[in-house]
Structure formats: C-alpha cells, structure tokens
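**Student:** input_1.txt (compact mmCIF, C-alpha atoms) pasted underneath:
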# COMPACT_ATOMS: atom_id res chain seq x y z
CA MET A 8 162.72 77.26 92.69
CA GLY A 9 159.27 76.24 93.92
CA ARG A 10 155.87 77.56 93.02
CA LYS A 11 155.05 80.97 94.43
CA LEU A 12 151.77 82.61 95.27
CA VAL A 13 151.19 86.29 95.92
CA ALA A 14 148.26 86.48 98.34
CA TYR A 15 147.06 89.90 99.39
CA PHE A 16 144.38 91.88 101.15
CA SER A 17 143.66 95.36 99.86
CA ALA A 18 140.90 97.50 101.35
CA SER A 19 141.35 100.49 99.04
CA GLY A 20 143.30 99.16 96.05
CA THR A 21 146.78 100.38 97.00
CA THR A 22 148.10 96.97 98.09
CA ARG A 23 146.42 95.32 95.07
CA LYS A 24 148.55 97.34 92.64
CA ILE A 25 151.76 96.31 94.39
CA ALA A 26 150.63 92.66 94.60
CA GLU A 27 149.99 92.60 90.85
CA MET A 28 153.48 93.99 90.20
CA ILE A 29 155.04 91.37 92.48
CA ALA A 30 153.09 88.50 90.90
CA GLN A 31 154.27 89.56 87.45
CA ALA A 32 157.91 89.98 88.55
CA ALA A 33 157.90 86.64 90.43
CA GLU A 34 155.91 84.78 87.76
CA ALA A 35 153.64 83.79 90.63
CA GLY A 36 149.99 83.04 91.07
CA LEU A 37 147.81 85.85 92.42
CA TYR A 38 145.12 85.49 95.08
CA GLU A 39 143.04 88.23 96.66
CA ILE A 40 141.95 87.74 100.27
CA MET A 41 138.42 89.11 100.16
CA PRO A 42 136.38 89.89 103.26
CA LYS A 43 132.88 88.41 103.30
CA GLN A 44 131.66 91.92 104.14
CA PRO A 45 133.65 94.47 102.05
CA TYR A 46 135.05 97.48 103.87
CA THR A 47 133.44 100.85 103.19
CA LYS A 48 135.13 104.23 103.44
CA ASP A 49 133.46 104.75 106.83
CA ASP A 50 134.71 101.32 107.99
CA LEU A 51 138.28 102.42 107.21
CA ASN A 52 138.11 105.67 109.19
CA TRP A 53 140.87 104.99 111.72
CA MET A 54 140.14 108.26 113.51
CA ASP A 55 136.67 106.99 114.50
CA LYS A 56 137.03 104.65 117.49
CA LYS A 57 133.69 103.06 116.55
CA SER A 58 134.58 102.36 112.91
CA ARG A 59 134.66 98.73 111.86
CA THR A 60 138.45 98.62 111.52
CA SER A 61 138.99 100.35 114.86
CA VAL A 62 136.74 97.81 116.58
CA GLU A 63 138.36 94.85 114.80
CA MET A 64 141.91 95.98 115.48
CA SER A 65 141.23 96.65 119.16
CA ASP A 66 140.40 92.93 119.63
CA LYS A 67 143.38 90.78 118.59
CA LYS A 68 141.18 87.66 118.68
CA PHE A 69 138.71 89.06 116.14
CA ARG A 70 138.73 87.21 112.80
CA PRO A 71 136.83 88.81 109.91
CA GLU A 72 135.28 86.18 107.64
CA ILE A 73 136.81 85.57 104.24
CA PHE A 74 134.56 85.35 101.18
CA ASN A 75 136.72 83.22 98.92
CA THR A 76 138.40 80.10 100.28
CA ASP A 77 139.87 78.43 97.21
CA VAL A 78 143.56 79.29 97.48
CA GLN A 79 144.86 75.67 97.23
CA ALA A 80 147.83 76.49 99.48
CA GLU A 81 149.24 72.98 99.15
CA LYS A 82 150.24 73.77 95.54
CA TYR A 83 152.73 76.45 96.60
CA ASP A 84 156.11 76.38 98.32
CA GLU A 85 156.36 80.09 99.02
CA ILE A 86 153.67 82.63 99.80
CA ILE A 87 154.36 86.34 99.32
CA LEU A 88 151.73 87.84 101.59
CA GLY A 89 150.70 91.47 101.37
CA PHE A 90 148.45 93.84 103.25
CA PRO A 91 148.13 97.45 104.40
CA ILE A 92 149.54 98.18 107.86
CA TRP A 93 146.74 98.96 110.28
CA TRP A 94 147.58 100.11 113.81
CA TYR A 95 151.25 99.12 113.27
CA VAL A 96 150.44 95.50 112.36
CA ALA A 97 148.67 93.36 109.75
CA PRO A 98 144.87 93.55 109.67
CA THR A 99 143.25 90.65 111.54
CA ILE A 100 141.87 89.31 108.25
CA ILE A 101 145.46 88.16 107.58
CA ASN A 102 145.23 85.97 110.70
CA THR A 103 141.93 84.61 109.34
CA PHE A 104 143.70 83.69 106.09
CA LEU A 105 146.68 82.04 107.83
CA GLU A 106 144.40 80.02 110.13
CA LYS A 107 142.23 78.78 107.25
CA TYR A 108 144.99 76.78 105.53
CA ASP A 109 147.93 74.55 106.44
CA PHE A 110 151.11 76.49 105.78
CA SER A 111 153.37 74.00 107.58
CA GLY A 112 156.89 74.05 106.16
CA LYS A 113 156.14 76.93 103.81
CA LYS A 114 158.03 80.20 103.61
CA ILE A 115 155.80 83.24 103.95
CA VAL A 116 157.42 86.53 102.97
CA LEU A 117 155.51 89.63 104.03
CA PHE A 118 155.12 92.89 102.15
CA ALA A 119 152.98 95.81 103.12
CA THR A 120 151.83 99.26 102.20
CA SER A 121 151.69 101.89 104.89
CA GLY A 122 150.86 105.50 105.46
CA GLY A 123 153.93 105.89 107.61
CA SER A 124 154.61 103.04 110.01
CA GLY A 125 156.73 99.94 109.62
CA PHE A 126 155.90 96.29 110.35
CA GLY A 127 155.90 96.81 114.12
CA ASN A 128 154.99 93.50 115.82
CA THR A 129 153.45 92.01 112.68
CA VAL A 130 155.60 88.85 112.52
CA SER A 131 155.09 87.99 116.19
CA GLU A 132 151.35 88.63 115.92
CA LEU A 133 150.99 86.45 112.81
CA LYS A 134 153.20 83.56 113.98
CA PRO A 135 150.53 81.92 116.21
CA SER A 136 148.21 81.79 113.18
CA ALA A 137 150.74 79.75 111.15
CA PRO A 138 153.05 78.25 113.79
CA ASP A 139 154.77 75.76 111.50
CA ALA A 140 155.49 78.22 108.69
CA ASN A 141 158.60 80.33 108.29
CA ILE A 142 157.23 83.89 108.37
CA VAL A 143 159.77 86.45 107.15
CA GLU A 144 159.45 90.22 107.43
CA GLY A 145 159.81 91.47 103.90
CA LYS A 146 159.48 95.07 102.89
CA ILE A 147 157.20 98.07 103.06
CA LEU A 148 156.48 98.89 99.42
CA ASN A 149 155.16 102.43 99.02
CA ASN A 150 155.51 104.49 95.85
CA VAL A 151 157.68 101.89 94.16
CA THR A 152 158.56 101.43 90.52
CA THR A 153 158.37 98.19 88.58
CA GLN A 154 162.18 98.06 88.76
CA ASP A 155 162.09 98.42 92.57
CA VAL A 156 159.65 95.51 92.78
CA GLU A 157 161.68 93.36 90.37
CA ASN A 158 164.84 93.99 92.39
CA TRP A 159 163.08 93.06 95.63
CA VAL A 160 161.61 89.88 94.16
CA LYS A 161 165.07 88.83 92.90
CA SER A 162 166.42 89.26 96.43
CA LEU A 163 163.92 86.79 97.91
Produce structure tokens that represent the structure in this file.

**Tutor:**
Amino acid sequence: MGRKLVAYFSASGTTRKIAEMIAQAAEAGLYEIMPKQPYTKDDLNWMDKKSRTSVEMSDKKFRPEIFNTDVQAEKYDEIILGFPIWWYVAPTIINTFLEKYDFSGKKIVLFATSGGSGFGNTVSELKPSAPDANIVEGKILNNVTTQDVENWVKSL
C-alpha cells in the first residue's frame, strides 16, 4: 500500500468535510486546492449567467489560478481527488491542479459532492490535464456517515 493524498477543492465547505473524513479513514495526507481569488456567494450563483463560476465553466480552457502550490505530488502513489460537481463536471480549478504537477503513473480516484447530478463527463474532461495518470471515477458522497466513508475507502 503506497502513500495516499486526499486533495480537494471546496467552495462552500461541503466537500472539505467529506475530504477530512476520507483522509482520516485512509490515513492519508490532506491538501486543499485553494483558488488565488476565493469564491464569494455571488460568484457561486449558478443561476446568474454572468457569475464568476458561470463564466469559468462556459470556457473549458479557463484555468483559475491556485494560491498554494506545495503539494509535493511525487511523494504520493495515489491521489483521492475531490470537488463539488459544477455544470455536470469538475470545476476547471481541478484541471489547473492536475496540470500543475506530474501525475504520471499515479492512480487518481475521484470523489465529489453534488446537488443532484452525477460525474457526467468528468473523467474524459480531466484526462487531458493528466494524460499519463490513471483517473478513476469514484463516488458521489452526499450526506454520508463516517462508516459509509470508511467502507468506500476500504473498497479502493
């Protein structure tokens, strides 16, 4: 069993809680992907076509800047990568993260929180950002218990 890292992006705190549970269950390191410019409540208003997230998600080439860049990816064999689902896929900041480091030969297991949709095309949209990694669709983890998380981590 290699070293694991739980890396996550959480705009409102929901994904953070799940990431912390996973890191504890997996005895893994924990790393928060932080945008250089934090998202405000108005930025996250998906019903406003001019909100920051709406603009970012309408341009698949957009890459929000990341504040912290000290993940030391080379130290880990497996990355458990979490995020909220936005517009049926991962937020583009996840592409920024994957493109910032060399994940060649690493297994990347995805988890997400969502208001109602599944992973959609997430794996295919992330693959070009880490072409030599093995990206695996994991699980949508909403309203889960510690036991649910522990069971999922054991199944990885």

**Student:** Please list as an NGL selection string every residue within 9 Å of range 104-119 of chain A, counting only C-alpha atoms and excluding residues in the same chain fewer than 6 positions away.

**Tutor:** :A and (22 or 25-26 or 40 or 72-73 or 76 or 78-81 or 83-92 or 97 or 125-126 or 130 or 133 or 135-149 or 163)

**Student:** What is the CA of Lys43 in chain A to CA of Val151 in chain A distance in Å?

**Tutor:**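 One can read the CA of Lys43 in chain A to CA of Val151 in chain A distance as 29.7 Å.
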
**Student:** What is the distance, in Å and to one decimal place, between CA of Val160 in chain A and CA of Ser17 in chain A?

**Tutor:** 19.6 Å

**Student:** Under the rule that all atoms listed in the file are counted, which of A:Gln31, A:Thr152, A:Ser65, A:Asn75 is the nearest residue to Gln44 in chain A?

**Tutor:**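 Among the listed residues, A:Asn75 lies closest to Gln44 in chain A.
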
**Student:** Restricting the calculation to only C-alpha atoms, which member of A:Lys82, A:Arg10, A:Lys48, A:Lys56 is positioned closest to Ala30 in chain A?

**Tutor:** A:Arg10

**Student:** Between A:Gln154, A:Thr103, A:Thr47, A:Asn52, which one has atoms that come closest to Phe69 in chain A, using all atoms listed in the file?

**Tutor:**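 Checking each candidate against Phe69 in chain A, we get A:Thr103 as the closest.
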
**Student:** Given all atoms listed in the file as the basis, pick out the residue of A:Asn102, A:Asn158, A:Ser58, A:Thr153 nearest to Glu132 in chain A.

**Tutor:**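 Closest candidate: A:Asn102.
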
**Student:** So, counting only C-alpha atoms, which residue among A:Val96, A:Ala33, A:Ser162, A:Asn150 is closest to Gly127 in chain A?

**Tutor:**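 Ranked by minimum distance to Gly127 in chain A, first place goes to A:Val96.
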